[in-house]
>>> print(open('structure-v9.cif').read())   # mmCIF, C-alpha atoms and all ligand atoms
data_target
loop_
_atom_site.group_PDB
_atom_site.id
_atom_site.type_symbol
_atom_site.label_atom_id
_atom_site.label_comp_id
_atom_site.auth_asym_id
_atom_site.auth_seq_id
_atom_site.Cartn_x
_atom_site.Cartn_y
_atom_site.Cartn_z
ATOM 1 C CA MET N 1 -15.737 -10.016 1.031
ATOM 2 C CA ASN N 2 -16.551 -10.590 -2.635
ATOM 3 C CA CYS N 3 -15.506 -13.847 -4.246
ATOM 4 C CA PHE N 4 -12.609 -12.323 -6.236
ATOM 5 C CA LYS N 5 -11.117 -10.955 -3.014
ATOM 6 C CA LYS N 6 -11.609 -14.338 -1.349
ATOM 7 C CA LEU N 7 -9.765 -16.045 -4.215
ATOM 8 C CA GLU N 8 -6.912 -13.518 -3.993
ATOM 9 C CA LYS N 9 -6.606 -14.205 -0.293
ATOM 10 C CA ILE N 10 -6.471 -17.989 -0.781
ATOM 11 C CA MET N 11 -4.036 -18.004 -3.706
ATOM 12 C CA THR N 12 -1.568 -15.632 -2.023
ATOM 13 C CA TYR N 13 -1.058 -17.923 0.986
ATOM 14 C CA GLY N 14 2.666 -18.369 1.533
ATOM 15 C CA LEU N 15 3.822 -15.344 -0.491
ATOM 16 C CA ASP N 16 5.958 -14.365 2.503
ATOM 17 C CA ARG N 17 8.167 -17.424 1.847
ATOM 18 C CA ARG N 18 9.796 -15.411 -0.967
ATOM 19 C CA GLY N 19 9.392 -11.857 0.312
ATOM 20 C CA MET N 20 6.476 -11.307 -2.077
ATOM 21 C CA GLU N 21 3.789 -10.540 0.499
ATOM 22 C CA GLY N 22 4.032 -6.755 0.147
ATOM 23 C CA ALA N 23 3.652 -6.568 -3.641
ATOM 24 C CA ASN N 24 0.041 -5.543 -3.150
ATOM 25 C CA LEU N 25 -1.702 -6.369 -6.417
ATOM 26 C CA THR N 26 -5.489 -6.319 -6.389
ATOM 27 C CA GLY N 27 -8.068 -6.606 -9.140
ATOM 28 C CA GLU N 28 -5.699 -8.438 -11.485
ATOM 29 C CA LEU N 29 -7.487 -11.762 -11.129
ATOM 30 C CA LYS N 30 -10.879 -10.378 -12.102
ATOM 31 C CA GLY N 31 -9.353 -8.343 -14.939
ATOM 32 C CA ALA N 32 -7.612 -11.416 -16.326
ATOM 33 C CA ALA N 33 -10.777 -13.524 -16.062
ATOM 34 C CA MET N 34 -12.776 -10.848 -17.895
ATOM 35 C CA ALA N 35 -10.176 -10.766 -20.669
ATOM 36 C CA LEU N 36 -10.440 -14.562 -21.015
ATOM 37 C CA LYS N 37 -14.215 -14.345 -21.111
ATOM 38 C CA LYS N 38 -13.944 -12.296 -24.299
ATOM 39 C CA ALA N 39 -11.186 -14.429 -25.871
ATOM 40 C CA ASN N 40 -11.727 -17.244 -28.363
ATOM 41 C CA THR N 41 -8.187 -18.547 -28.776
ATOM 42 C CA VAL N 42 -5.635 -18.569 -25.967
ATOM 43 C CA LEU N 43 -1.950 -19.528 -26.014
ATOM 44 C CA ILE N 44 -0.664 -20.801 -22.661
ATOM 45 C CA VAL N 45 3.102 -20.976 -22.095
ATOM 46 C CA THR N 46 4.577 -22.935 -19.217
ATOM 47 C CA GLY N 47 7.489 -25.125 -18.126
ATOM 48 C CA PHE N 48 10.391 -24.208 -15.862
ATOM 49 C CA VAL N 49 13.527 -26.322 -16.217
ATOM 50 C CA ILE N 50 15.542 -27.244 -13.133
ATOM 51 C CA ARG N 51 19.127 -26.897 -14.242
ATOM 52 C CA ASP N 52 20.583 -29.725 -12.110
ATOM 53 C CA ARG N 53 18.010 -32.213 -13.406
ATOM 54 C CA LEU N 54 17.494 -30.954 -16.978
ATOM 55 C CA PHE N 55 13.821 -31.599 -16.389
ATOM 56 C CA GLY N 56 10.782 -29.418 -15.772
ATOM 57 C CA GLU N 57 9.153 -28.753 -12.424
ATOM 58 C CA THR N 58 5.722 -29.633 -11.060
ATOM 59 C CA ASP N 59 4.623 -26.015 -10.744
ATOM 60 C CA GLY N 60 3.206 -24.586 -13.990
ATOM 61 C CA PRO N 61 2.026 -27.576 -16.062
ATOM 62 C CA ILE N 62 -0.732 -28.405 -13.571
ATOM 63 C CA GLY N 63 -1.967 -24.815 -13.748
ATOM 64 C CA ALA N 64 -1.741 -24.809 -17.552
ATOM 65 C CA VAL N 65 -3.903 -27.922 -17.756
ATOM 66 C CA SER N 66 -6.365 -26.417 -15.275
ATOM 67 C CA VAL N 67 -6.812 -23.294 -17.451
ATOM 68 C CA ALA N 68 -6.868 -25.303 -20.708
ATOM 69 C CA GLY N 69 -9.583 -27.558 -19.277
ATOM 70 C CA ALA N 70 -11.759 -24.563 -18.411
ATOM 71 C CA LEU N 71 -11.283 -23.051 -21.879
ATOM 72 C CA GLU N 72 -12.196 -26.370 -23.481
ATOM 73 C CA MET N 73 -15.394 -26.567 -21.396
ATOM 74 C CA LEU N 74 -16.290 -23.130 -22.763
ATOM 75 C CA ASP N 75 -15.616 -24.249 -26.378
ATOM 76 C CA LYS N 76 -12.655 -21.889 -26.618
ATOM 77 C CA ASN N 77 -9.368 -22.933 -28.229
ATOM 78 C CA ALA N 78 -6.395 -23.520 -25.945
ATOM 79 C CA ILE N 79 -2.871 -24.208 -27.153
ATOM 80 C CA ILE N 80 -0.134 -25.033 -24.636
ATOM 81 C CA ILE N 81 3.463 -24.148 -25.508
ATOM 82 C CA THR N 82 6.467 -25.524 -23.666
ATOM 83 C CA ASP N 83 10.045 -26.663 -24.252
ATOM 84 C CA ILE N 84 11.721 -30.093 -24.405
ATOM 85 C CA TYR N 85 12.302 -30.190 -20.637
ATOM 86 C CA SER N 86 8.582 -30.142 -19.856
ATOM 87 C CA LYS N 87 7.273 -31.881 -23.009
ATOM 88 C CA LYS N 88 6.744 -35.235 -21.336
ATOM 89 C CA ILE N 89 5.111 -33.592 -18.307
ATOM 90 C CA LEU N 90 2.558 -31.768 -20.461
ATOM 91 C CA GLU N 91 1.857 -34.783 -22.693
ATOM 92 C CA THR N 92 1.222 -36.867 -19.590
ATOM 93 C CA ALA N 93 -0.864 -34.195 -17.881
ATOM 94 C CA LEU N 94 -3.100 -33.606 -20.906
ATOM 95 C CA LYS N 95 -3.613 -37.345 -21.355
ATOM 96 C CA SER N 96 -4.403 -37.916 -17.702
ATOM 97 C CA VAL N 97 -7.290 -35.411 -17.812
ATOM 98 C CA ASP N 98 -8.306 -36.347 -21.359
ATOM 99 C CA LEU N 99 -7.947 -32.899 -22.928
ATOM 100 C CA LYS N 100 -7.696 -32.288 -26.671
ATOM 101 C CA THR N 101 -5.551 -29.178 -26.188
ATOM 102 C CA VAL N 102 -2.802 -28.863 -28.819
ATOM 103 C CA LEU N 103 0.771 -28.942 -27.491
ATOM 104 C CA GLU N 104 3.505 -26.997 -29.284
ATOM 105 C CA ILE N 105 7.173 -27.457 -28.412
ATOM 106 C CA ILE N 106 9.582 -24.561 -28.825
ATOM 107 C CA ASN N 107 13.275 -25.245 -29.426
ATOM 108 C CA LYS N 108 16.238 -23.164 -28.332
ATOM 109 C CA HIS N 109 17.432 -20.762 -31.074
ATOM 110 C CA ASP N 110 14.157 -20.998 -33.040
ATOM 111 C CA GLU N 111 12.433 -18.481 -30.809
ATOM 112 C CA THR N 112 11.811 -15.551 -33.123
ATOM 113 C CA ILE N 113 10.685 -17.533 -36.161
ATOM 114 C CA PHE N 114 8.601 -19.829 -34.013
ATOM 115 C CA HIS N 115 6.808 -16.971 -32.310
ATOM 116 C CA GLU N 116 5.876 -15.279 -35.571
ATOM 117 C CA THR N 117 4.616 -18.624 -36.861
ATOM 118 C CA LEU N 118 2.579 -19.304 -33.736
ATOM 119 C CA LEU N 119 0.863 -15.916 -33.744
ATOM 120 C CA ASN N 120 0.093 -16.178 -37.450
ATOM 121 C CA LYS N 121 -1.113 -19.764 -37.198
ATOM 122 C CA TYR N 122 -3.425 -19.443 -34.190
ATOM 123 C CA LYS N 123 -4.300 -15.714 -34.183
ATOM 124 C CA PRO N 124 -4.799 -15.739 -30.389
ATOM 125 C CA ASP N 125 -6.792 -13.100 -28.514
ATOM 126 C CA CYS N 126 -4.866 -13.740 -25.349
ATOM 127 C CA LEU N 127 -1.556 -15.143 -24.080
ATOM 128 C CA ILE N 128 -1.031 -16.569 -20.599
ATOM 129 C CA SER N 129 2.307 -17.363 -19.025
ATOM 130 C CA ILE N 130 2.217 -19.749 -16.069
ATOM 131 C CA GLU N 131 5.529 -20.136 -14.223
ATOM 132 C CA ARG N 132 7.661 -19.536 -17.306
ATOM 133 C CA PRO N 133 11.188 -18.084 -17.039
ATOM 134 C CA GLY N 134 11.207 -14.428 -18.044
ATOM 135 C CA GLU N 135 14.110 -12.346 -19.325
ATOM 136 C CA THR N 136 15.682 -9.757 -17.066
ATOM 137 C CA ALA N 137 16.387 -6.241 -18.348
ATOM 138 C CA ASP N 138 19.708 -7.510 -19.756
ATOM 139 C CA GLY N 139 18.053 -10.412 -21.594
ATOM 140 C CA MET N 140 19.073 -13.280 -19.291
ATOM 141 C CA MET N 141 16.923 -15.859 -17.489
ATOM 142 C CA TYR N 142 17.501 -17.088 -13.948
ATOM 143 C CA SER N 143 16.264 -19.625 -11.420
ATOM 144 C CA MET N 144 14.962 -18.395 -8.062
ATOM 145 C CA THR N 145 18.439 -18.842 -6.570
ATOM 146 C CA GLY N 146 20.142 -16.801 -9.265
ATOM 147 C CA GLU N 147 21.488 -19.647 -11.459
ATOM 148 C CA CYS N 148 21.589 -18.526 -15.075
ATOM 149 C CA ILE N 149 19.494 -20.811 -17.298
ATOM 150 C CA SER N 150 19.674 -18.753 -20.515
ATOM 151 C CA SER N 151 21.888 -21.280 -22.292
ATOM 152 C CA LEU N 152 19.244 -23.987 -21.840
ATOM 153 C CA VAL N 153 15.894 -22.280 -22.052
ATOM 154 C CA PRO N 154 14.204 -21.021 -25.218
ATOM 155 C CA SER N 155 12.940 -17.556 -24.378
ATOM 156 C CA MET N 156 9.227 -16.846 -24.685
ATOM 157 C CA ASP N 157 9.710 -13.131 -24.141
ATOM 158 C CA PRO N 158 9.782 -12.464 -27.915
ATOM 159 C CA LEU N 159 6.339 -14.084 -28.171
ATOM 160 C CA PHE N 160 4.947 -11.778 -25.493
ATOM 161 C CA LYS N 161 6.624 -8.683 -26.948
ATOM 162 C CA GLU N 162 5.254 -9.422 -30.408
ATOM 163 C CA ALA N 163 1.807 -10.117 -28.936
ATOM 164 C CA LYS N 164 1.899 -6.727 -27.228
ATOM 165 C CA ASN N 165 2.868 -5.095 -30.558
ATOM 166 C CA ARG N 166 -0.165 -6.731 -32.138
ATOM 167 C CA GLY N 167 -2.499 -5.560 -29.342
ATOM 168 C CA ILE N 168 -3.083 -9.075 -27.961
ATOM 169 C CA CYS N 169 -3.940 -9.262 -24.243
ATOM 170 C CA THR N 170 -1.248 -10.791 -22.006
ATOM 171 C CA ILE N 171 -1.585 -12.418 -18.575
ATOM 172 C CA GLY N 172 1.270 -13.529 -16.313
ATOM 173 C CA ILE N 173 1.037 -15.969 -13.419
ATOM 174 C CA GLY N 174 4.014 -16.406 -11.102
ATOM 175 C CA ASP N 175 5.249 -16.660 -7.544
ATOM 176 C CA GLY N 176 8.957 -15.870 -7.505
ATOM 177 C CA GLY N 177 9.651 -12.676 -9.464
ATOM 178 C CA ASN N 178 11.695 -14.361 -12.222
ATOM 179 C CA GLU N 179 8.722 -15.323 -14.392
ATOM 180 C CA ILE N 180 7.212 -13.654 -17.479
ATOM 181 C CA GLY N 181 4.853 -10.888 -16.370
ATOM 182 C CA MET N 182 6.727 -9.740 -13.272
ATOM 183 C CA GLY N 183 7.895 -6.547 -14.988
ATOM 184 C CA LYS N 184 4.776 -5.023 -13.480
ATOM 185 C CA ILE N 185 6.390 -5.252 -10.024
ATOM 186 C CA LYS N 186 10.075 -5.457 -10.925
ATOM 187 C CA GLN N 187 11.184 -2.700 -8.532
ATOM 188 C CA TYR N 188 9.445 -4.519 -5.699
ATOM 189 C CA VAL N 189 11.058 -7.837 -6.685
ATOM 190 C CA ALA N 190 14.508 -6.263 -6.964
ATOM 191 C CA ALA N 191 14.216 -4.712 -3.497
ATOM 192 C CA ASN N 192 12.455 -7.472 -1.538
ATOM 193 C CA VAL N 193 12.997 -10.946 -3.020
ATOM 194 C CA PRO N 194 16.188 -12.976 -2.416
ATOM 195 C CA TYR N 195 18.428 -12.467 -5.504
ATOM 196 C CA GLY N 196 15.694 -10.111 -6.730
ATOM 197 C CA ASP N 197 18.101 -7.598 -8.221
ATOM 198 C CA ILE N 198 19.561 -10.387 -10.393
ATOM 199 C CA ILE N 199 16.447 -12.379 -11.318
ATOM 200 C CA ALA N 200 13.616 -9.807 -11.684
ATOM 201 C CA ALA N 201 11.865 -10.428 -14.999
ATOM 202 C CA SER N 202 11.281 -7.347 -17.125
ATOM 203 C CA PHE N 203 8.208 -7.967 -19.281
ATOM 204 C CA ALA N 204 5.031 -6.521 -17.775
ATOM 205 C CA THR N 205 1.891 -8.395 -18.772
ATOM 206 C CA ASP N 206 -1.430 -6.535 -18.926
ATOM 207 C CA TYR N 207 -2.546 -8.574 -15.898
ATOM 208 C CA LEU N 208 -0.281 -10.156 -13.303
ATOM 209 C CA ILE N 209 -1.561 -12.883 -11.002
ATOM 210 C CA LEU N 210 0.793 -13.282 -8.084
ATOM 211 C CA ALA N 211 0.238 -16.438 -6.038
ATOM 212 C CA GLY N 212 1.977 -18.426 -3.301
ATOM 213 C CA VAL N 213 2.389 -21.187 -5.890
ATOM 214 C CA SER N 214 1.770 -20.510 -9.596
ATOM 215 C CA ASN N 215 -0.572 -23.511 -9.959
ATOM 216 C CA TRP N 216 -2.821 -21.930 -7.313
ATOM 217 C CA GLY N 217 -2.916 -18.685 -9.300
ATOM 218 C CA ALA N 218 -4.069 -20.680 -12.332
ATOM 219 C CA HIS N 219 -6.766 -22.474 -10.310
ATOM 220 C CA ALA N 220 -7.897 -19.108 -8.920
ATOM 221 C CA LEU N 221 -8.122 -17.760 -12.485
ATOM 222 C CA VAL N 222 -10.332 -20.716 -13.455
ATOM 223 C CA ALA N 223 -12.413 -20.052 -10.343
ATOM 224 C CA ALA N 224 -12.779 -16.372 -11.307
ATOM 225 C CA MET N 225 -13.893 -17.439 -14.795
ATOM 226 C CA SER N 226 -16.354 -19.848 -13.171
ATOM 227 C CA VAL N 227 -17.884 -16.915 -11.283
ATOM 228 C CA LEU N 228 -18.152 -14.808 -14.458
ATOM 229 C CA PHE N 229 -19.770 -17.665 -16.404
ATOM 230 C CA ASN N 230 -21.827 -18.859 -13.425
ATOM 231 C CA ARG N 231 -20.578 -22.380 -14.092
ATOM 232 C CA ASP N 232 -18.041 -24.541 -12.237
ATOM 233 C CA LEU N 233 -15.070 -24.871 -14.605
ATOM 234 C CA LEU N 234 -12.579 -26.104 -12.028
ATOM 235 C CA TYR N 235 -11.597 -29.757 -11.906
ATOM 236 C CA ASN N 236 -12.106 -31.689 -8.697
ATOM 237 C CA VAL N 237 -9.595 -32.595 -6.016
ATOM 238 C CA GLU N 238 -9.297 -36.226 -7.196
ATOM 239 C CA THR N 239 -8.274 -34.996 -10.651
ATOM 240 C CA GLY N 240 -5.777 -32.596 -9.084
ATOM 241 C CA GLU N 241 -4.189 -35.435 -7.144
ATOM 242 C CA ARG N 242 -4.135 -37.765 -10.165
ATOM 243 C CA LEU N 243 -2.453 -35.055 -12.234
ATOM 244 C CA LEU N 244 0.346 -34.467 -9.746
ATOM 245 C CA ARG N 245 0.964 -38.215 -9.370
ATOM 246 C CA ALA N 246 1.047 -38.675 -13.162
ATOM 247 C CA ILE N 247 3.608 -35.940 -13.819
ATOM 248 C CA VAL N 248 5.830 -36.938 -10.904
ATOM 249 C CA ASP N 249 5.764 -40.517 -12.255
ATOM 250 C CA VAL N 250 7.302 -39.306 -15.528
ATOM 251 C CA GLY N 251 10.008 -37.283 -13.774
ATOM 252 C CA ALA N 252 8.675 -33.810 -12.897
ATOM 253 C CA VAL N 253 10.632 -32.287 -10.020
ATOM 254 C CA ASN N 254 9.934 -29.908 -7.168
ATOM 255 C CA GLY N 255 11.188 -26.445 -8.130
ATOM 256 C CA ILE N 256 12.592 -25.711 -4.678
ATOM 257 C CA THR N 257 13.995 -29.035 -3.436
ATOM 258 C CA LYS N 258 14.854 -30.221 -7.002
ATOM 259 C CA GLN N 259 13.629 -33.679 -5.961
ATOM 260 C CA ASN N 260 11.251 -35.947 -7.866
ATOM 261 C CA THR N 261 8.637 -36.170 -5.106
ATOM 262 C CA LEU N 262 4.890 -35.688 -4.801
ATOM 263 C CA THR N 263 5.318 -31.995 -4.016
ATOM 264 C CA VAL N 264 5.074 -28.540 -5.587
ATOM 265 C CA ASP N 265 7.430 -25.705 -4.584
ATOM 266 C CA GLY N 266 8.447 -27.498 -1.389
ATOM 267 C CA LEU N 267 4.825 -28.109 -0.340
ATOM 268 C CA GLY N 268 3.299 -31.558 -0.056
ATOM 269 C CA LEU N 269 0.215 -33.009 -1.699
ATOM 270 C CA ASP N 270 -1.915 -32.225 1.397
ATOM 271 C CA GLU N 271 -1.124 -28.517 1.273
ATOM 272 C CA ASN N 272 -1.867 -28.338 -2.463
ATOM 273 C CA ILE N 273 -5.131 -30.220 -2.046
ATOM 274 C CA ARG N 274 -6.142 -27.940 0.834
ATOM 275 C CA ILE N 275 -5.718 -24.822 -1.322
ATOM 276 C CA LEU N 276 -7.558 -26.393 -4.267
ATOM 277 C CA ASN N 277 -10.391 -27.302 -1.894
ATOM 278 C CA GLU N 278 -10.579 -23.739 -0.576
ATOM 279 C CA ILE N 279 -10.683 -22.341 -4.124
ATOM 280 C CA LYS N 280 -13.309 -24.920 -5.057
ATOM 281 C CA ALA N 281 -15.436 -23.889 -2.066
ATOM 282 C CA VAL N 282 -15.538 -20.269 -3.292
ATOM 283 C CA VAL N 283 -16.766 -21.463 -6.685
ATOM 284 C CA GLU N 284 -19.403 -23.733 -5.161
ATOM 285 C CA GLU N 285 -20.703 -20.883 -3.027
ATOM 286 C CA ALA N 286 -20.836 -18.458 -5.974
ATOM 287 C CA VAL N 287 -22.324 -20.519 -8.828
HETATM 288 CA CA CA N 301 6.654 -21.816 -8.303
#
>>> encode(input="structure-v9.cif", output="structure tokens", more="lines below")
Ligand code: CA
Amino acid sequence: MNCFKKLEKIMTYGLDRRGMEGANLTGELKGAAMALKKANTVLIVTGFVIRDRLFGETDGPIGAVSVAGALEMLDKNAIIITDIYSKKILETALKSVDLKTVLEIINKHDETIFHETLLNKYKPDCLISIERPGETADGMMYSMTGECISSLVPSMDPLFKEAKNRGICTIGIGDGGNEIGMGKIKQYVAANVPYGDIIAASFATDYLILAGVSNWGAHALVAAMSVLFNRDLLYNVETGERLLRAIVDVGAVNGITKQNTLTVDGLGLDENIRILNEIKAVVEEAV
């Protein structure tokens, strides 16, 4: 098995928890990594608010920092974009791993102007969405259990649509079917995922990385880049643990249980560390 296949196998562990195991995407991880290899400036959007807590979840920001760290090691420019609900999480995460990555905060109702400004200001070659709510065909955004969050969340779909118009490469990373990028498999999501017919996101990114947990998809993308550059760009397990502790300390919640615990998508620290270790092992074998 080649290393990209190995990474796909590791990152898709647990997809059956949401009915996603039959979506059958292959080659997306390598394609996305190759697109990033060519890119100089990358915008990364993340942050998923939990409606009951009015605070962002632990899945997404960790992955965003993982990808931003790799881009910084390669002397590429990374800019992370989130909303007020995940601002503190991202500030804390970036500080805890000592990254210089710029953080931009998007406000509700400023979406269209903000997106034009962002694309003009940074002139990115690539956009990545990591666990970011995506609009359905009727322009609404939903949680995995079908709660409408459109009144809270600034939509990043206009940013992705405008990027596509400008010929900028787009990558989506998600695990539930309601995130930006899932348009690529929206029929599958609608037919197989709980509440899928309500929540399926409509924008199809050029590459879609489907993982058991979005953070794992981001780590796998960094691992795939490591293979292409023949250089280990993935942070170590101690850093991964420190990051999760730091963001939970400032209030990040588990997207499934909605609790402020040392967990991601219902899975404990041990499970997350195990997957990171497995991804790390593929990189160490390949580079
Ligand atoms: Ca998730």
>>> atom_distance(input="structure-v9.cif", atom1="CA of Ala190 (chain N)", atom2="CA of Leu208 (chain N)")
16.6 Å
>>> residues_near_ligand(input="structure-v9.cif", ligand="ligand CA 301 (chain N)", cutoff="7 Å", atoms="all atoms listed in the file", output="JSON, numbers by chain")
{"N": [59, 131, 174, 175, 176, 213, 214, 255, 265]}
>>> residues_around(input="structure-v9.cif", residues="region 230-245 of chain N", least_positions_apart="2", cutoff="10 Å", atoms="all atoms listed in the file", output="PyMOL selection string")
chain N and resi 58-59+61-63+65-67+69-74+89+92-97+219-228+247-250+252+261-264+269-270+272-277+279-280+283-284+286-287
>>> resolve_selection(input="structure-v9.cif", expression="the PyMOL selection byres (((chain N and resi 105-108) around 8) and not hetatm)", output="PyMOL selection string")
chain N and resi 81-84+87+103-104+109-111+114+152-155
>>> resolve_selection(input="structure-v9.cif", expression="the PyMOL selection byres (((chain N and resi 133-141) around 6) and not hetatm)", output="VMD selection string")
chain N and resid 132 142 148 to 150 178 to 180 200 to 202
>>> residues_around(input="structure-v9.cif", residues="Ala32 (chain N)", least_positions_apart="5", cutoff="10 Å", atoms="all atoms listed in the file", output="number ranges by chain")
N: 27, 37, 126, 128, 169-172, 206-209, 221, 224-225
>>> atom_distance(input="structure-v9.cif", atom1="CA of Leu159 (chain N)", atom2="CA of Glu21 (chain N)")
29.0 Å
>>> atom_distance(input="structure-v9.cif", atom1="CA of Asn120 (chain N)", atom2="CA of Glu162 (chain N)")
11.0 Å
>>> residues_around(input="structure-v9.cif", residues="Ala163 (chain N)", least_positions_apart="4", cutoff="12 Å", atoms="only C-alpha atoms", output="PyMOL selection string")
chain N and resi 42-43+115-120+122-128+156-159+167-171+203+205-206
>>> write_last_selection(input="structure-v9.cif", atoms="C-alpha atoms", output="mmCIF file, in the coordinates of the input")
data_model
loop_
_atom_site.group_PDB
_atom_site.id
_atom_site.type_symbol
_atom_site.label_atom_id
_atom_site.label_comp_id
_atom_site.auth_asym_id
_atom_site.auth_seq_id
_atom_site.Cartn_x
_atom_site.Cartn_y
_atom_site.Cartn_z
ATOM 1 C CA VAL N 42 -5.635 -18.569 -25.967
ATOM 2 C CA LEU N 43 -1.950 -19.528 -26.014
ATOM 3 C CA HIS N 115 6.808 -16.971 -32.310
ATOM 4 C CA GLU N 116 5.876 -15.279 -35.571
ATOM 5 C CA THR N 117 4.616 -18.624 -36.861
ATOM 6 C CA LEU N 118 2.579 -19.304 -33.736
ATOM 7 C CA LEU N 119 0.863 -15.916 -33.744
ATOM 8 C CA ASN N 120 0.093 -16.178 -37.450
ATOM 9 C CA TYR N 122 -3.425 -19.443 -34.190
ATOM 10 C CA LYS N 123 -4.300 -15.714 -34.183
ATOM 11 C CA PRO N 124 -4.799 -15.739 -30.389
ATOM 12 C CA ASP N 125 -6.792 -13.100 -28.514
ATOM 13 C CA CYS N 126 -4.866 -13.740 -25.349
ATOM 14 C CA LEU N 127 -1.556 -15.143 -24.080
ATOM 15 C CA ILE N 128 -1.031 -16.569 -20.599
ATOM 16 C CA MET N 156 9.227 -16.846 -24.685
ATOM 17 C CA ASP N 157 9.710 -13.131 -24.141
ATOM 18 C CA PRO N 158 9.782 -12.464 -27.915
ATOM 19 C CA LEU N 159 6.339 -14.084 -28.171
ATOM 20 C CA GLY N 167 -2.499 -5.560 -29.342
ATOM 21 C CA ILE N 168 -3.083 -9.075 -27.961
ATOM 22 C CA CYS N 169 -3.940 -9.262 -24.243
ATOM 23 C CA THR N 170 -1.248 -10.791 -22.006
ATOM 24 C CA ILE N 171 -1.585 -12.418 -18.575
ATOM 25 C CA PHE N 203 8.208 -7.967 -19.281
ATOM 26 C CA THR N 205 1.891 -8.395 -18.772
ATOM 27 C CA ASP N 206 -1.430 -6.535 -18.926
#
>>> resolve_selection(input="structure-v9.cif", expression="the PyMOL selection byres (((chain N and resi 189) around 9) and not hetatm)", output="list in words")
Gly19, Met20, Ala23, Gly176, Gly177, Asn178, Met182, Gly183, Ile185, Lys186, Gln187, Tyr188, Ala190, Ala191, Asn192, Val193, Pro194, Tyr195, Gly196, Asp197, Ile199, Ala200 and Ala201 of chain N
>>> closest_residue(input="structure-v9.cif", among="N:Asn165, N:Ser151, N:Thr145, N:Asn215", to="Gly47 (chain N)", atoms="only C-alpha atoms")
N:Asn215
>>> build_atoms(input="structure-v9.cif", residues="region 103-115 of chain N", atoms="N, CA, C and O atoms", output="compact mmCIF listing (two decimals), in the coordinates of the input")
# COMPACT_ATOMS: atom_id res chain seq x y z
N LEU N 103 -0.49 -29.25 -28.18
CA LEU N 103 0.77 -28.94 -27.49
C LEU N 103 1.82 -28.59 -28.54
O LEU N 103 2.04 -29.34 -29.49
N GLU N 104 2.43 -27.42 -28.38
CA GLU N 104 3.50 -27.00 -29.28
C GLU N 104 4.81 -26.96 -28.48
O GLU N 104 4.82 -26.50 -27.34
N ILE N 105 5.88 -27.44 -29.09
CA ILE N 105 7.17 -27.46 -28.41
C ILE N 105 8.10 -26.45 -29.09
O ILE N 105 8.29 -26.50 -30.31
N ILE N 106 8.67 -25.57 -28.29
CA ILE N 106 9.58 -24.56 -28.82
C ILE N 106 11.03 -24.99 -28.55
O ILE N 106 11.35 -25.45 -27.46
N ASN N 107 11.87 -24.86 -29.57
CA ASN N 107 13.28 -25.24 -29.43
C ASN N 107 14.15 -24.02 -29.24
O ASN N 107 13.85 -22.94 -29.73
N LYS N 108 15.25 -24.23 -28.53
CA LYS N 108 16.24 -23.16 -28.33
C LYS N 108 16.74 -22.70 -29.70
O LYS N 108 16.94 -23.52 -30.59
N HIS N 109 16.92 -21.43 -29.87
CA HIS N 109 17.43 -20.76 -31.07
C HIS N 109 16.40 -20.61 -32.20
O HIS N 109 16.69 -20.01 -33.22
N ASP N 110 15.21 -21.18 -32.03
CA ASP N 110 14.16 -21.00 -33.04
C ASP N 110 13.17 -19.92 -32.60
O ASP N 110 12.17 -19.70 -33.25
N GLU N 111 13.46 -19.27 -31.48
CA GLU N 111 12.43 -18.48 -30.81
C GLU N 111 11.70 -17.49 -31.71
O GLU N 111 10.48 -17.51 -31.80
N THR N 112 12.46 -16.65 -32.40
CA THR N 112 11.81 -15.55 -33.12
C THR N 112 10.93 -16.06 -34.25
O THR N 112 9.77 -15.67 -34.38
N ILE N 113 11.46 -16.98 -35.04
CA ILE N 113 10.68 -17.53 -36.16
C ILE N 113 9.46 -18.25 -35.63
O ILE N 113 8.34 -18.09 -36.13
N PHE N 114 9.68 -19.03 -34.58
CA PHE N 114 8.60 -19.83 -34.01
C PHE N 114 7.47 -18.94 -33.51
O PHE N 114 6.29 -19.24 -33.70
N HIS N 115 7.83 -17.85 -32.88
CA HIS N 115 6.81 -16.97 -32.31
C HIS N 115 5.97 -16.30 -33.38
O HIS N 115 4.74 -16.22 -33.26
